[in-house]
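Visitor: Okay, so here is entry.txt, and as you'll see once you scroll down, it has compact mmCIF, C-alpha atoms and all ligand atoms.
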# COMPACT_ATOMS: atom_id res chain seq x y z
CA MET N 1 0.00 0.00 0.00
CA ALA N 2 1.23 3.45 -0.77
CA ARG N 3 2.23 5.55 2.19
CA TYR N 4 2.49 9.30 2.15
CA SER N 5 4.60 9.80 5.21
CA ARG N 6 7.44 11.14 3.10
CA SER N 7 5.41 13.99 1.73
CA ASN N 8 5.72 15.83 5.01
CA ASP N 9 6.15 19.11 3.19
CA TRP N 10 2.66 18.80 1.88
CA GLY N 11 1.44 21.97 3.42
CA PHE N 12 -0.66 23.44 6.11
CA PRO N 13 -3.53 21.54 7.64
CA ARG N 14 -6.84 21.99 5.93
CA TRP N 15 -9.62 21.98 8.44
CA ARG N 16 -12.71 20.49 7.02
CA GLY N 17 -15.21 17.84 7.83
CA TYR N 18 -14.95 14.61 5.93
CA GLY N 19 -18.24 13.28 4.75
CA SER N 20 -20.23 16.42 5.31
CA GLY N 21 -23.29 16.26 3.15
CA ARG N 22 -23.23 12.49 3.00
CA GLU N 23 -25.72 11.15 5.49
CA THR N 24 -25.52 7.47 4.63
CA THR N 25 -21.85 6.76 5.35
CA GLN N 26 -20.82 4.75 8.36
CA VAL N 27 -19.74 6.84 11.29
CA ARG N 28 -16.04 7.20 11.94
CA ILE N 29 -15.22 6.53 15.57
CA CYS N 30 -13.01 8.83 17.64
CA ASP N 31 -9.34 7.75 17.41
CA ARG N 32 -8.79 8.18 21.15
CA HIS N 33 -8.29 4.71 22.56
CA GLY N 34 -11.46 3.36 24.11
CA CYS N 35 -13.67 6.22 22.99
CA GLU N 36 -16.89 5.28 21.18
CA GLU N 37 -18.02 8.76 20.19
CA PRO N 38 -18.21 9.76 16.52
CA GLY N 39 -14.82 11.18 15.50
CA ASP N 40 -15.58 14.08 13.21
CA CYS N 41 -12.86 16.52 14.26
CA PRO N 42 -9.72 16.05 12.13
CA ALA N 43 -6.40 16.90 13.78
CA PRO N 44 -3.01 16.65 12.06
CA LYS N 45 -0.84 13.91 13.59
CA SER N 46 2.16 16.21 13.39
CA PRO N 47 2.83 19.64 11.92
CA ASN N 48 2.88 19.60 8.12
CA SER N 49 1.67 16.02 7.98
CA PRO N 50 -1.25 15.03 5.77
CA GLU N 51 -2.12 12.30 8.26
CA ARG N 52 -5.01 13.02 10.56
CA TRP N 53 -6.48 11.81 13.74
CA TYR N 54 -10.24 11.96 13.93
CA PHE N 55 -11.44 12.79 17.39
CA CYS N 56 -14.75 13.53 18.99
CA ALA N 57 -15.17 17.13 20.08
CA THR N 58 -14.03 16.33 23.64
CA HIS N 59 -10.84 14.58 22.61
CA ALA N 60 -10.08 17.06 19.84
CA GLY N 61 -10.10 19.71 22.55
CA GLU N 62 -7.84 17.60 24.72
CA TYR N 63 -5.47 16.97 21.80
CA ASN N 64 -5.41 20.61 20.80
CA ARG N 65 -4.46 21.65 24.33
CA GLY N 66 -1.15 19.86 23.85
CA TRP N 67 -1.92 16.39 25.03
CA ASN N 68 0.50 13.97 23.34
CA TYR N 69 -1.40 10.95 22.21
CA PHE N 70 1.72 8.81 21.94
CA GLU N 71 3.55 10.18 24.91
CA GLY N 72 5.95 7.64 26.36
CA LEU N 73 5.59 5.21 23.48
CA SER N 74 8.40 4.17 21.18
CA ALA N 75 7.78 4.50 17.46
CA GLU N 76 7.10 0.75 17.28
CA ASP N 77 4.61 0.91 20.14
CA ALA N 78 2.89 3.86 18.55
CA ALA N 79 2.64 2.08 15.22
CA ALA N 80 1.35 -1.04 16.94
CA ARG N 81 -1.27 0.97 18.79
CA GLU N 82 -2.40 2.65 15.65
CA ALA N 83 -2.64 -0.66 13.80
CA GLN N 84 -4.60 -2.13 16.69
CA GLU N 85 -7.01 0.78 16.79
CA THR N 86 -7.42 0.79 13.05
CA ARG N 87 -8.50 -2.83 13.33
CA ASP N 88 -10.82 -2.08 16.22
CA THR N 89 -12.54 0.94 14.79
CA SER N 90 -12.50 0.65 11.02
CA GLY N 91 -12.03 -3.04 10.30
CA TYR N 92 -15.65 -3.36 9.38
CA ALA N 93 -15.55 -0.44 7.00
CA GLU N 94 -12.38 -1.73 5.32
CA ALA N 95 -13.79 -5.22 4.95
CA LYS N 96 -16.98 -3.84 3.49
CA HIS N 97 -14.98 -1.85 1.01
CA TYR N 98 -13.48 -5.00 -0.52
CA GLY N 99 -16.80 -6.76 -0.82
CA TRP N 100 -18.62 -7.24 -4.09
CA GLY N 101 -21.46 -5.14 -5.18
CA GLY N 102 -20.03 -1.63 -5.21
CA SER N 103 -22.59 -0.20 -2.87
CA GLY N 104 -22.39 3.19 -4.55
CA ASP N 105 -22.82 4.90 -1.22
CA GLY N 106 -19.38 6.47 -1.52
CA SER N 107 -17.78 4.52 1.30
CA ARG N 108 -14.03 5.01 1.17
CA SER N 109 -11.11 3.17 2.68
CA ARG N 110 -8.49 4.95 4.71
CA ASP N 111 -6.05 4.81 1.82
CA GLU N 112 -8.60 6.36 -0.49
CA MET N 113 -9.24 9.14 2.00
CA ARG N 114 -5.50 9.85 2.14
CA ALA N 115 -5.28 9.73 -1.63
CA LEU N 116 -8.15 12.21 -1.95
CA ASP N 117 -6.37 14.46 0.50
CA VAL N 118 -3.21 14.35 -1.61
CA LEU N 119 -5.26 15.33 -4.64
CA GLU N 120 -6.83 18.18 -2.62
CA LEU N 121 -10.30 16.71 -3.04
CA GLU N 122 -13.25 16.32 -0.71
CA SER N 123 -14.21 12.85 0.44
CA ASP N 124 -17.20 12.67 -1.89
CA ALA N 125 -15.31 13.57 -5.07
CA ASP N 126 -16.21 11.33 -8.01
CA PHE N 127 -13.71 9.71 -10.33
CA ASP N 128 -14.02 12.43 -12.97
CA ALA N 129 -12.95 14.95 -10.34
CA VAL N 130 -10.09 12.62 -9.38
CA LYS N 131 -8.86 12.52 -12.97
CA LEU N 132 -9.06 16.29 -13.34
CA ALA N 133 -7.22 16.93 -10.07
CA TRP N 134 -4.62 14.32 -10.90
CA ARG N 135 -3.90 15.84 -14.34
CA ARG N 136 -3.73 19.36 -12.92
CA LEU N 137 -1.41 18.47 -10.01
CA ALA N 138 0.76 16.05 -11.96
CA LYS N 139 1.29 18.73 -14.59
CA ALA N 140 2.10 21.40 -12.02
CA ASN N 141 4.65 19.18 -10.23
CA HIS N 142 6.05 17.26 -13.18
CA PRO N 143 9.86 16.89 -13.17
CA ASP N 144 9.95 18.30 -16.71
CA VAL N 145 8.19 21.42 -15.52
CA ARG N 146 10.05 21.71 -12.20
CA PRO N 147 13.56 20.38 -12.92
CA GLY N 148 15.71 20.08 -9.81
CA ASP N 149 12.79 20.79 -7.48
CA ALA N 150 12.99 17.98 -4.92
CA ASP N 151 9.78 19.01 -3.15
CA ALA N 152 7.86 18.95 -6.41
CA ALA N 153 9.34 15.52 -7.19
CA VAL N 154 8.07 14.16 -3.86
CA ARG N 155 4.66 15.66 -4.50
CA PHE N 156 4.62 14.26 -8.02
CA GLN N 157 5.26 10.74 -6.67
CA ALA N 158 2.56 11.13 -4.03
CA ILE N 159 0.12 12.38 -6.67
CA GLN N 160 0.84 9.40 -8.91
CA ALA N 161 0.47 6.96 -6.03
CA ALA N 162 -2.77 8.61 -4.93
CA TYR N 163 -4.18 8.32 -8.42
CA GLU N 164 -3.26 4.61 -8.57
CA VAL N 165 -5.04 3.98 -5.26
CA LEU N 166 -8.19 5.74 -6.45
CA ARG N 167 -8.15 4.20 -9.91
CA ALA N 168 -7.82 0.70 -8.44
CA ALA N 169 -10.70 1.45 -6.07
CA GLU N 170 -12.80 2.71 -8.97
CA ASP N 171 -12.05 -0.48 -10.90
CA ARG N 172 -13.14 -2.60 -7.95
CA ARG N 173 -16.38 -0.65 -7.67
CA THR N 174 -17.33 -0.69 -11.32
CA TRP N 175 -16.20 -4.15 -12.32
CA ARG N 176 -18.97 -6.74 -12.60
CA PRO N 177 -18.64 -10.46 -13.22
CA SER N 178 -20.07 -11.23 -16.66
ZN ZN N 201 -13.34 10.73 21.87
Take the structure in the file and write it out as structure tokens.
Ligand SMILES: [Zn+2]

Guide:
Amino acid sequence: MARYSRSNDWGFPRWRGYGSGRETTQVRICDRHGCEEPGDCPAPKSPNSPERWYFCATHAGEYNRGWNYFEGLSAEDAAAREAQETRDTSGYAEAKHYGWGGSGDGSRSRDEMRALDVLELESDADFDAVKLAWRRLAKANHPDVRPGDADAAVRFQAIQAAYEVLRAAEDRRTWRPS
């Protein structure tokens, strides 16, 4: 799976609600361990990182006051905790995503959400919007256009990877056994 941790120059956090205007999606649960509230407050995991926590209002407040979610944990422990919590809170959604039938309700995997973020799109963007954003950003960051620009090269790779993730997801949704 593509990871975007290297594109840590991606830019400032964009504060926006995922899934706003989409009533039928499953509810994302707060990322705070043990919390069962809906997590609809995105918070960057670190400055200039495209990765987000999604907290309930209470825990977003706690996080924003400087509470360190991974305080005292080694990098391995932190990764293990995140993997564990991903399984706990979104395993169902991920499993559903790989099922047949392409529900058409716009449900997105975590990787797709990251990919949409890289392409500067909202969570309900359709594939035509994906293609347009991909062409625009790939063009703007292409090595031929920005020779010697290492930041642009990193962005270009992330943009390509994001497009591959979303294209593969689109194929899974639209493919039907004949
Ligand atoms: Zn919470």

Visitor: Please, what distance in Å, to one decimal, runs between CA of Leu116 (chain N) and atom ZN of ligand ZN 201 (chain N)?

Guide: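 One can read the CA of Leu116 (chain N) to atom ZN of ligand ZN 201 (chain N) distance as 24.4 Å.
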
Visitor: Ligand ZN 201 (chain N): which residues are within 7 Å, counting all atoms listed in the file, as a count of residues only?

Guide: 12

Visitor: Using CA of Tyr63 (chain N) and CA of Pro50 (chain N) as the two end points, give the distance in Å to one decimal.

Guide: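 Between CA of Tyr63 (chain N) and CA of Pro50 (chain N) the gap is 16.7 Å.
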
Visitor: Can you work out the spacing between CA of Ala115 (chain N) and CA of Val165 (chain N) in Å, to one decimal?

Guide: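 It comes out at 6.8 Å.
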
Visitor: Find the spatial neighbours of Tyr163 (chain N), counting only C-alpha atoms, within a cut-off of 12 Å - ignore same-chain residues fewer than 6 positions away - and output them as a ChimeraX atom specification.

Guide: /N:2,111-121,127-138,156-157,169-170

Visitor: For Pro143 (chain N), work out the shell of residues within 8 Å, counting all atoms listed in the file and skipping chain neighbours fewer than 6 positions away, then give it as an NGL selection string.

Guide: :N and (149 or 152-153 or 156)
